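To be precise, the following lines are entry19.txt, and they hold compact mmCIF, C-alpha atoms and all ligand atoms.
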```
# COMPACT_ATOMS: atom_id res chain seq x y z
CA MET A 208 38.06 -6.54 -47.04
CA LEU A 209 39.84 -3.95 -44.89
CA LEU A 210 42.06 -5.27 -42.13
CA ILE A 211 41.89 -3.02 -39.08
CA HIS A 212 44.23 -2.97 -36.10
CA CYS A 213 42.31 -2.68 -32.81
CA PRO A 214 44.47 -0.80 -30.30
CA TYR A 215 42.69 -2.49 -27.39
CA CYS A 216 42.94 -6.08 -28.66
CA GLY A 217 46.37 -5.56 -30.20
CA GLU A 218 45.32 -7.56 -33.25
CA THR A 219 44.73 -6.80 -36.92
CA LEU A 220 41.30 -8.14 -37.77
CA PRO A 221 38.73 -8.28 -40.57
CA GLU A 222 36.54 -5.26 -41.20
CA LEU A 223 33.40 -7.34 -40.55
CA GLU A 224 34.16 -7.25 -36.81
CA PHE A 225 34.04 -3.43 -36.84
CA ALA A 226 31.53 -0.62 -37.29
CA TYR A 227 32.35 2.81 -38.71
CA ALA A 228 31.27 5.72 -36.50
CA GLY A 229 32.01 8.97 -38.36
CA GLU A 230 34.69 11.64 -38.12
CA ALA A 231 36.84 11.70 -34.96
CA HIS A 232 37.76 14.65 -32.74
CA VAL A 233 34.46 16.48 -33.34
CA VAL A 234 34.10 18.41 -30.07
CA ARG A 235 30.59 19.04 -28.75
CA PRO A 236 30.16 22.68 -27.78
CA ASP A 237 28.20 23.69 -24.70
CA PRO A 238 24.65 23.94 -26.08
CA SER A 239 23.69 26.64 -23.56
CA THR A 240 26.28 29.06 -24.91
CA ALA A 241 26.92 27.86 -28.49
CA SER A 242 25.64 30.00 -31.36
CA ASP A 243 23.33 28.46 -33.97
CA GLU A 244 26.28 28.38 -36.38
CA GLN A 245 28.51 26.52 -33.89
CA TRP A 246 25.75 24.01 -33.19
CA ARG A 247 25.11 23.52 -36.91
CA ASP A 248 28.82 22.91 -37.46
CA PHE A 249 28.93 20.38 -34.62
CA LEU A 250 25.92 18.47 -35.97
CA PHE A 251 26.45 18.59 -39.70
CA ILE A 252 29.73 20.06 -40.94
CA ARG A 253 32.51 17.54 -41.52
CA SER A 254 35.93 17.86 -43.12
CA ASN A 255 35.19 15.36 -45.94
CA ALA A 256 38.93 14.91 -46.39
CA LYS A 257 40.47 13.61 -49.58
CA GLY A 258 43.47 11.84 -48.08
CA PRO A 259 44.22 11.13 -44.41
CA HIS A 260 41.00 11.27 -42.39
CA ALA A 261 40.68 10.81 -38.62
CA GLU A 262 37.62 8.73 -37.90
CA ARG A 263 35.97 6.69 -35.18
CA TRP A 264 35.53 2.95 -35.38
CA ARG A 265 34.04 0.49 -32.94
CA HIS A 266 35.25 -3.08 -32.49
CA ILE A 267 31.63 -4.07 -32.05
CA HIS A 268 32.01 -7.83 -32.66
CA GLY A 269 35.11 -8.00 -30.49
CA CYS A 270 36.19 -6.01 -27.45
CA GLY A 271 33.31 -3.56 -27.94
CA ARG A 272 35.56 -0.48 -27.72
CA PHE A 273 35.44 2.73 -29.73
CA PHE A 274 38.84 3.88 -31.02
CA ASN A 275 40.18 6.28 -33.61
CA ALA A 276 41.90 5.65 -36.92
CA VAL A 277 43.61 7.72 -39.58
CA ARG A 278 42.61 6.27 -42.94
CA ASP A 279 43.57 7.58 -46.35
CA THR A 280 40.24 8.06 -48.14
CA VAL A 281 41.91 7.76 -51.55
CA SER A 282 43.78 4.47 -51.02
CA ASP A 283 41.64 3.13 -48.13
CA ARG A 284 44.91 2.43 -46.33
CA PHE A 285 44.86 2.64 -42.53
CA LEU A 286 47.80 4.85 -41.51
CA ALA A 287 47.31 4.52 -37.73
CA THR A 288 44.80 3.46 -35.10
CA TYR A 289 44.88 4.81 -31.54
CA PRO A 290 42.77 4.70 -28.36
CA ALA A 291 39.77 6.98 -27.94
CA GLY A 292 40.64 10.13 -25.99
CA THR A 293 44.21 10.37 -27.30
CA PRO A 294 45.22 13.06 -29.83
CA ARG A 295 45.54 12.49 -33.54
CA PRO A 296 49.10 11.19 -34.13
CA ASP A 297 51.49 13.33 -36.17
CA LEU A 298 52.12 11.01 -39.10
CA SER A 299 55.00 13.16 -40.39
CA LEU A 300 57.04 11.75 -37.50
CA SER A 301 58.47 8.24 -37.47
CA GLU A 302 56.71 5.72 -35.23
CA ASP A 303 59.39 6.05 -32.52
CA GLU A 304 59.07 9.84 -32.39
CA ARG A 305 55.27 9.92 -31.94
CA MET B 98 19.18 -28.36 -43.76
CA THR B 99 16.44 -26.75 -41.70
CA ILE B 100 16.87 -26.47 -37.96
CA SER B 101 14.07 -25.08 -35.86
CA PRO B 102 14.58 -23.82 -32.33
CA SER B 103 12.58 -26.77 -30.98
CA THR B 104 15.12 -29.26 -32.35
CA LEU B 105 17.91 -27.55 -30.42
CA VAL B 106 18.39 -29.85 -27.46
CA PRO B 107 21.71 -31.01 -26.03
CA GLY B 108 23.30 -33.74 -28.14
CA ILE B 109 24.77 -34.30 -31.57
CA ILE B 110 23.26 -32.03 -34.21
CA ALA B 111 25.40 -32.91 -37.21
CA ALA B 112 28.27 -35.28 -37.77
CA SER B 113 30.47 -36.39 -40.62
CA ASP B 114 34.03 -37.67 -41.04
CA ALA B 115 35.08 -34.02 -41.12
CA ALA B 116 33.55 -32.72 -37.90
CA THR B 117 30.86 -33.11 -35.29
CA VAL B 118 28.58 -30.33 -34.06
CA THR B 119 27.12 -30.97 -30.63
CA MET B 120 24.88 -28.80 -28.54
CA ALA B 121 26.38 -28.71 -25.06
CA GLU B 122 24.58 -29.16 -21.76
CA PRO B 123 23.55 -25.89 -20.11
CA VAL B 124 26.12 -23.88 -18.16
CA ALA B 125 25.88 -20.80 -15.97
CA ARG B 126 27.02 -17.56 -17.64
CA PHE B 127 27.70 -14.14 -16.22
CA SER B 128 28.78 -10.87 -17.75
CA LEU B 129 31.31 -9.11 -15.49
CA ARG B 130 32.36 -5.49 -15.89
CA ALA B 131 34.99 -3.80 -13.70
CA HIS B 132 37.57 -1.06 -14.13
CA ALA B 133 41.29 -1.72 -13.82
CA ALA B 134 41.44 -0.33 -10.27
CA GLU B 135 38.82 -2.82 -9.06
CA ARG B 136 39.88 -5.81 -11.14
CA GLU B 137 41.96 -7.58 -8.48
CA THR B 138 39.38 -7.16 -5.71
CA VAL B 139 36.52 -8.29 -7.91
CA GLY B 140 38.48 -11.24 -9.28
CA GLY B 141 39.67 -12.23 -5.81
CA ALA B 142 36.13 -12.37 -4.46
CA LEU B 143 35.20 -14.74 -7.28
CA GLY B 144 38.37 -16.79 -6.80
CA LEU B 145 39.73 -15.69 -10.17
CA ASP B 146 42.87 -13.93 -11.35
CA LEU B 147 41.04 -12.00 -14.06
CA PRO B 148 43.19 -11.85 -17.21
CA THR B 149 43.91 -8.41 -18.69
CA GLN B 150 44.75 -9.47 -22.24
CA VAL B 151 41.70 -9.72 -24.54
CA GLY B 152 41.13 -13.37 -25.43
CA HIS B 153 42.91 -14.90 -22.45
CA VAL B 154 41.18 -17.35 -20.12
CA ALA B 155 41.72 -17.96 -16.41
CA GLY B 156 40.20 -20.34 -13.90
CA ASP B 157 39.31 -23.98 -13.83
CA GLU B 158 35.83 -24.85 -12.63
CA ILE B 159 34.80 -21.22 -12.99
CA GLU B 160 36.30 -19.84 -16.21
CA ALA B 161 36.78 -16.16 -17.03
CA LEU B 162 37.38 -15.04 -20.62
CA CYS B 163 38.59 -11.47 -21.10
CA LEU B 164 36.33 -9.99 -23.81
CA GLY B 165 37.44 -6.37 -23.58
CA PRO B 166 39.55 -4.07 -21.40
CA ASP B 167 36.90 -4.02 -18.65
CA GLU B 168 34.72 -6.98 -19.57
CA TRP B 169 34.82 -10.69 -18.81
CA LEU B 170 32.56 -13.63 -19.56
CA ILE B 171 32.26 -16.01 -16.61
CA VAL B 172 31.25 -19.58 -17.35
CA ALA B 173 30.65 -22.18 -14.66
CA PRO B 174 28.76 -25.42 -14.00
CA GLU B 175 25.03 -24.74 -13.79
CA GLY B 176 24.91 -25.59 -10.07
CA LEU B 177 27.25 -22.73 -9.18
CA ALA B 178 25.04 -19.98 -10.63
CA GLU B 179 23.43 -19.09 -7.35
CA ARG B 180 26.70 -19.01 -5.44
CA ILE B 181 28.32 -16.74 -8.05
CA ALA B 182 25.31 -14.41 -8.08
CA ARG B 183 25.50 -14.07 -4.29
CA THR B 184 29.25 -13.42 -4.14
CA GLU B 185 30.02 -10.51 -1.87
CA ILE B 186 32.27 -8.14 -3.79
CA ASP B 187 33.53 -5.06 -1.98
CA ALA B 188 34.40 -3.00 -5.07
CA ALA B 189 32.53 -1.25 -7.88
CA HIS B 190 31.51 -3.71 -10.57
CA SER B 191 28.61 -5.13 -12.54
CA LEU B 192 27.90 -8.87 -12.45
CA THR B 193 24.89 -9.87 -14.54
CA GLU B 194 23.61 -13.38 -15.08
CA ILE B 195 23.20 -14.12 -18.81
CA THR B 196 22.85 -17.91 -18.54
CA ASP B 197 19.88 -18.18 -20.90
CA ARG B 198 21.06 -15.66 -23.46
CA GLU B 199 23.24 -18.09 -25.38
CA LEU B 200 23.46 -21.72 -26.36
CA THR B 201 26.84 -23.44 -26.58
CA PHE B 202 27.85 -25.71 -29.43
CA ARG B 203 30.94 -27.91 -29.56
CA ILE B 204 32.61 -28.21 -32.92
CA ASP B 205 35.29 -30.88 -33.06
CA GLY B 206 36.75 -33.47 -35.40
CA PRO B 207 39.68 -33.61 -37.83
CA ARG B 208 38.44 -30.64 -39.92
CA ALA B 209 36.62 -28.64 -37.25
CA THR B 210 38.71 -25.52 -37.83
CA GLU B 211 38.12 -25.70 -41.57
CA LEU B 212 34.38 -26.02 -40.91
CA LEU B 213 34.43 -22.76 -38.96
CA THR B 214 35.97 -20.91 -41.89
CA THR B 215 32.68 -21.37 -43.80
CA GLY B 216 31.26 -18.37 -41.97
CA TRP B 217 34.20 -16.76 -40.22
CA PRO B 218 36.35 -14.03 -41.76
CA ARG B 219 38.98 -14.26 -39.04
CA ASP B 220 42.17 -16.36 -39.16
CA PRO B 221 41.41 -19.21 -36.71
CA ASP B 222 45.11 -19.64 -35.96
CA SER B 223 45.21 -16.16 -34.42
CA ILE B 224 43.51 -17.88 -31.47
CA ALA B 225 45.75 -20.29 -29.57
CA PRO B 226 44.34 -23.37 -27.83
CA GLY B 227 43.19 -22.30 -24.37
CA GLN B 228 42.06 -18.87 -25.59
CA GLY B 229 38.73 -17.44 -26.73
CA ARG B 230 37.34 -14.35 -28.47
CA ARG B 231 34.13 -12.52 -29.18
CA THR B 232 33.93 -12.38 -32.95
CA TYR B 233 31.61 -12.45 -35.97
CA PHE B 234 30.25 -15.59 -37.62
CA ASP B 235 28.06 -15.19 -40.71
CA GLY B 236 26.12 -12.21 -39.39
CA ALA B 237 26.05 -13.18 -35.74
CA SER B 238 28.16 -11.93 -32.85
CA VAL B 239 29.45 -15.10 -31.18
CA ILE B 240 32.04 -16.12 -28.63
CA VAL B 241 34.47 -18.85 -29.62
CA TRP B 242 36.64 -20.85 -27.28
CA ARG B 243 39.50 -22.90 -28.66
CA ASP B 244 39.86 -25.89 -26.36
CA GLY B 245 42.34 -27.72 -28.61
CA PRO B 246 43.74 -27.51 -32.14
CA GLU B 247 40.53 -29.04 -33.57
CA GLU B 248 38.23 -28.57 -30.58
CA TRP B 249 36.08 -25.47 -30.40
CA ARG B 250 33.12 -24.18 -28.43
CA MET B 251 30.84 -21.48 -29.79
CA ASP B 252 28.40 -19.47 -27.65
CA VAL B 253 25.56 -18.19 -29.84
CA TRP B 254 22.67 -15.93 -28.85
CA ARG B 255 19.71 -18.29 -28.93
CA SER B 256 17.72 -16.46 -31.60
CA PHE B 257 20.75 -16.67 -33.93
CA ALA B 258 21.38 -20.33 -33.16
CA PRO B 259 19.15 -21.95 -35.81
CA HIS B 260 20.86 -19.93 -38.53
CA VAL B 261 24.40 -20.57 -37.27
CA VAL B 262 23.81 -24.26 -36.64
CA SER B 263 22.19 -24.75 -40.05
CA LEU B 264 25.28 -23.37 -41.71
CA LEU B 265 27.58 -25.56 -39.62
CA ALA B 266 25.47 -28.65 -40.36
CA THR B 267 25.54 -27.92 -44.10
CA GLY B 268 29.30 -27.40 -43.90
CA CYS B 269 29.73 -30.67 -42.04
CA ALA B 270 28.18 -32.54 -44.96
CA GLU B 271 29.81 -30.41 -47.68
CA LEU B 272 33.32 -31.06 -46.40
CA VAL B 273 32.96 -34.79 -47.12
CA ALA B 274 30.86 -34.47 -50.29
CA GLY B 275 33.98 -34.98 -52.43
ZN ZN C 401 39.20 -4.75 -30.00
```
Let's see the structure in the file written out as structure tokens.
Ligand SMILES: [Zn+2]
Amino acid sequence: MLLIHCPYCGETLPELEFAYAGEAHVVRPDPSTASDEQWRDFLFIRSNAKGPHAERWRHIHGCGRFFNAVRDTVSDRFLATYPAGTPRPDLSLSEDER
Amino acid sequence: MTISPSTLVPGIIAASDAATVTMAEPVARFSLRAHAAERETVGGALGLDLPTQVGHVAGDEIEALCLGPDEWLIVAPEGLAERIARTEIDAAHSLTEITDRELTFRIDGPRATELLTTGWPRDPDSIAPGQGRRTYFDGASVIVWRDGPEEWRMDVWRSFAPHVVSLLATGCAELVAG
């Protein structure tokens, strides 16, 4: 079972308390001005990364909060978790530099 | 062991030398939501210093458990429900009575914590006595309160209660089956 660190609870907890919620940082375009292609991309086109992938999770059986995580899709290792609304951390930097 | 909702009345539900599972008498419950800027005002009106750390509990007769960054569970003696509901609070908030949504079960005895591990993926010792958490027990979202090293309370949504209690009752017997 994956162990996931919730940035709101400050605890590393079993996967069963969490729900996966798709790729993170997908920005919704203004539907009144977006082209069909932009709207299609927003709805359906995802990066499908092999390696570090920024994704949303929800601590549904816990604090209830959505947050973001960078997970390596090859190893399943969580590289970082961070609050919703904050930018994807630069993992090439050390933890103190971020 | 089969437990039907009609057999769920306050009192002992299962007991062995390992642990005892008791359905508690009714209490008043409220769900409180407030943003950080309003937390002190809202808490003050209720006579509570609302904790900000998830899992921490404040209060005595009226208890507040911090479930999330802007969410608290308020538990109080049944007779105080009306007074809490009528509290005048001069700040943006949501205070919703959820008294009948859950049933509370006490799980205590020398192996109470071990009994909980039958359906609980979390490390029980990540919760110190005096704290609580919303968590996941064998398919159900529940709230656990750790009142002592081997004394727990579990709030279970009533439609999930027969399932959860059946598992605890089976575990109670299994732990002493040798
Ligand atoms: Zn959390």
What does the list of residues within 10 Å of ligand ZN 401 (chain C) look like if you count only C-alpha atoms and all ligand atoms, written as a PyMOL selection string? (chain A and resi 211-220+224-225+265-274) or (chain B and resi 151-152+164-166+230-232)
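You will find atom CA of Glu194 of chain B at 19.8 Å from atom CA of Pro148 of chain B.
Between atom CA of Ala161 of chain B and atom CA of Trp217 of chain B lies a distance of 23.3 Å.
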Coordinates-based distance that separates atom CA of Asn255 of chain A from atom CA of Leu223 of chain A (Å, one decimal): 23.4 Å
Quick one: everything within 9 Å of Glu222 of chain A, counting all atoms listed in the file, minus sequence neighbours fewer than 3 positions away in the same chain. Send it as a PyMOL selection string. (chain A and resi 208-211+225-226) or (chain B and resi 218)
Of the listed residues B:Arg219, B:Arg255, B:Arg136, B:Arg208, that which approaches chain A most closely, counting all atoms listed in the file: B:Arg219
So that I can check the surroundings of Ala133 of chain B, please list as a list in words every protein, DNA and RNA residue that reaches within 12 Å of it, counting only C-alpha atoms and ignoring chain neighbours fewer than 3 positions away.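 What passes the distance filter is Arg130, Arg136, Glu137, Thr138, Val139, Gly140, Leu147, Pro148, Thr149, Gln150, Gly165, Pro166, Asp167, Glu168, Ala188, Ala189 and His190 of chain B.
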I need the residue nearest Val118 of chain B from this list: B:Ile240, B:Ala182, B:Leu192, B:Leu105. Use only C-alpha atoms for the distance. B:Leu105
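The smallest atom-to-atom distance between chain B and any of A:Gly229, A:Gly258, A:Pro296, A:Pro290, using only C-alpha atoms, is found for A:Pro290.
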Spatial neighbours of segment 259-264 of chain A, max dist 9 Å, all atoms listed in the file, sep filter under 6 positions, as a ChimeraX atom specification: /A:225-232,272-281,284-286,291,295
Pick out the residues sitting within 8 Å of Leu212 of chain B, and hand them over as a PDB file with C-alpha atoms, in the coordinates of the input; count all atoms listed in the file, and ignore anything fewer than 2 positions along from it in its own chain.
```
ATOM      1  CA  ALA B 116      33.550 -32.720 -37.900  1.00  0.00           C
ATOM      2  CA  ARG B 208      38.440 -30.640 -39.920  1.00  0.00           C
ATOM      3  CA  ALA B 209      36.620 -28.640 -37.250  1.00  0.00           C
ATOM      4  CA  THR B 210      38.710 -25.520 -37.830  1.00  0.00           C
ATOM      5  CA  THR B 214      35.970 -20.910 -41.890  1.00  0.00           C
ATOM      6  CA  THR B 215      32.680 -21.370 -43.800  1.00  0.00           C
ATOM      7  CA  LEU B 265      27.580 -25.560 -39.620  1.00  0.00           C
ATOM      8  CA  GLY B 268      29.300 -27.400 -43.900  1.00  0.00           C
ATOM      9  CA  CYS B 269      29.730 -30.670 -42.040  1.00  0.00           C
ATOM     10  CA  LEU B 272      33.320 -31.060 -46.400  1.00  0.00           C
TER      11      LEU B 272
END
```
Find the smallest box with edges along x, y and z containing every listed atom of segment 203-206 of chain B, then add 5 Å on each side and report centre and edge lengths in Å to one decimal, as lines of an AutoDock Vina configuration file.
```
center_x = 33.8
center_y = -30.7
center_z = -32.5
size_x = 15.8
size_y = 15.6
size_z = 15.8
```
Distance query 7 Å from (28.0, -17.9, -41.9) using all atoms listed in the file, result as a ChimeraX atom specification: /B:215-217,234-236,261,264
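Distance annotation: of A:Pro221, A:Gly292, A:Val234, A:Glu304, the residue with the minimal separation from Leu250 of chain A is A:Val234; atom set is all atoms listed in the file.
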Place a sphere of radius 7 Å on (29.5, -20.4, -28.4) in the file coordinates and name every protein, DNA or RNA residue with an atom inside or on its surface, counting all atoms listed in the file; give the answer as a list of chain:residue names.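 The residues near that point, listed by chain and number, are B:Leu200, B:Thr201, B:Phe202, B:Val239, B:Ile240, B:Val241, B:Arg250, B:Met251, B:Asp252, B:Val253.
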Could I see segment 149-169 of chain B restored to N, CA and C atoms, set down as a CSV table (one decimal), keeping the file's coordinate frame?
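What follows is the written file selection.csv:
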```
chain,number,residue,atom,x,y,z
B,149,THR,N,44.0,-9.8,-18.2
B,149,THR,CA,43.9,-8.4,-18.7
B,149,THR,C,44.1,-8.4,-20.2
B,150,GLN,N,44.6,-9.4,-20.8
B,150,GLN,CA,44.8,-9.5,-22.2
B,150,GLN,C,43.5,-10.0,-22.9
B,151,VAL,N,42.9,-9.3,-23.8
B,151,VAL,CA,41.7,-9.7,-24.5
B,151,VAL,C,41.9,-11.1,-25.1
B,152,GLY,N,41.0,-12.0,-24.9
B,152,GLY,CA,41.1,-13.4,-25.4
B,152,GLY,C,41.7,-14.4,-24.5
B,153,HIS,N,42.3,-13.9,-23.4
B,153,HIS,CA,42.9,-14.9,-22.4
B,153,HIS,C,41.9,-15.4,-21.4
B,154,VAL,N,42.1,-16.6,-21.0
B,154,VAL,CA,41.2,-17.4,-20.1
B,154,VAL,C,41.9,-17.7,-18.8
B,155,ALA,N,41.2,-17.6,-17.7
B,155,ALA,CA,41.7,-18.0,-16.4
B,155,ALA,C,40.7,-18.8,-15.7
B,156,GLY,N,41.1,-19.6,-14.7
B,156,GLY,CA,40.2,-20.3,-13.9
B,156,GLY,C,40.1,-21.8,-14.4
B,157,ASP,N,39.4,-22.6,-13.5
B,157,ASP,CA,39.3,-24.0,-13.8
B,157,ASP,C,37.8,-24.4,-13.9
B,158,GLU,N,37.3,-24.5,-12.7
B,158,GLU,CA,35.8,-24.8,-12.6
B,158,GLU,C,35.0,-23.6,-13.1
B,159,ILE,N,35.4,-22.5,-12.5
B,159,ILE,CA,34.8,-21.2,-13.0
B,159,ILE,C,35.8,-20.6,-13.9
B,160,GLU,N,35.4,-20.4,-15.2
B,160,GLU,CA,36.3,-19.8,-16.2
B,160,GLU,C,36.0,-18.4,-16.5
B,161,ALA,N,37.0,-17.6,-16.7
B,161,ALA,CA,36.8,-16.2,-17.0
B,161,ALA,C,37.5,-15.9,-18.3
B,162,LEU,N,36.8,-15.4,-19.3
B,162,LEU,CA,37.4,-15.0,-20.6
B,162,LEU,C,37.4,-13.5,-20.7
B,163,CYS,N,38.5,-12.9,-21.0
B,163,CYS,CA,38.6,-11.5,-21.1
B,163,CYS,C,38.1,-11.1,-22.5
B,164,LEU,N,36.9,-10.4,-22.5
B,164,LEU,CA,36.3,-10.0,-23.8
B,164,LEU,C,36.8,-8.6,-24.3
B,165,GLY,N,37.0,-7.7,-23.3
B,165,GLY,CA,37.4,-6.4,-23.6
B,165,GLY,C,38.2,-5.8,-22.4
B,166,PRO,N,38.7,-4.6,-22.5
B,166,PRO,CA,39.6,-4.1,-21.4
B,166,PRO,C,38.9,-4.1,-20.0
B,167,ASP,N,37.6,-4.0,-20.0
B,167,ASP,CA,36.9,-4.0,-18.6
B,167,ASP,C,35.7,-5.0,-18.6
B,168,GLU,N,35.8,-6.1,-19.4
B,168,GLU,CA,34.7,-7.0,-19.6
B,168,GLU,C,35.2,-8.4,-19.6
B,169,TRP,N,34.5,-9.3,-18.8
B,169,TRP,CA,34.8,-10.7,-18.8
B,169,TRP,C,33.5,-11.5,-18.9
```
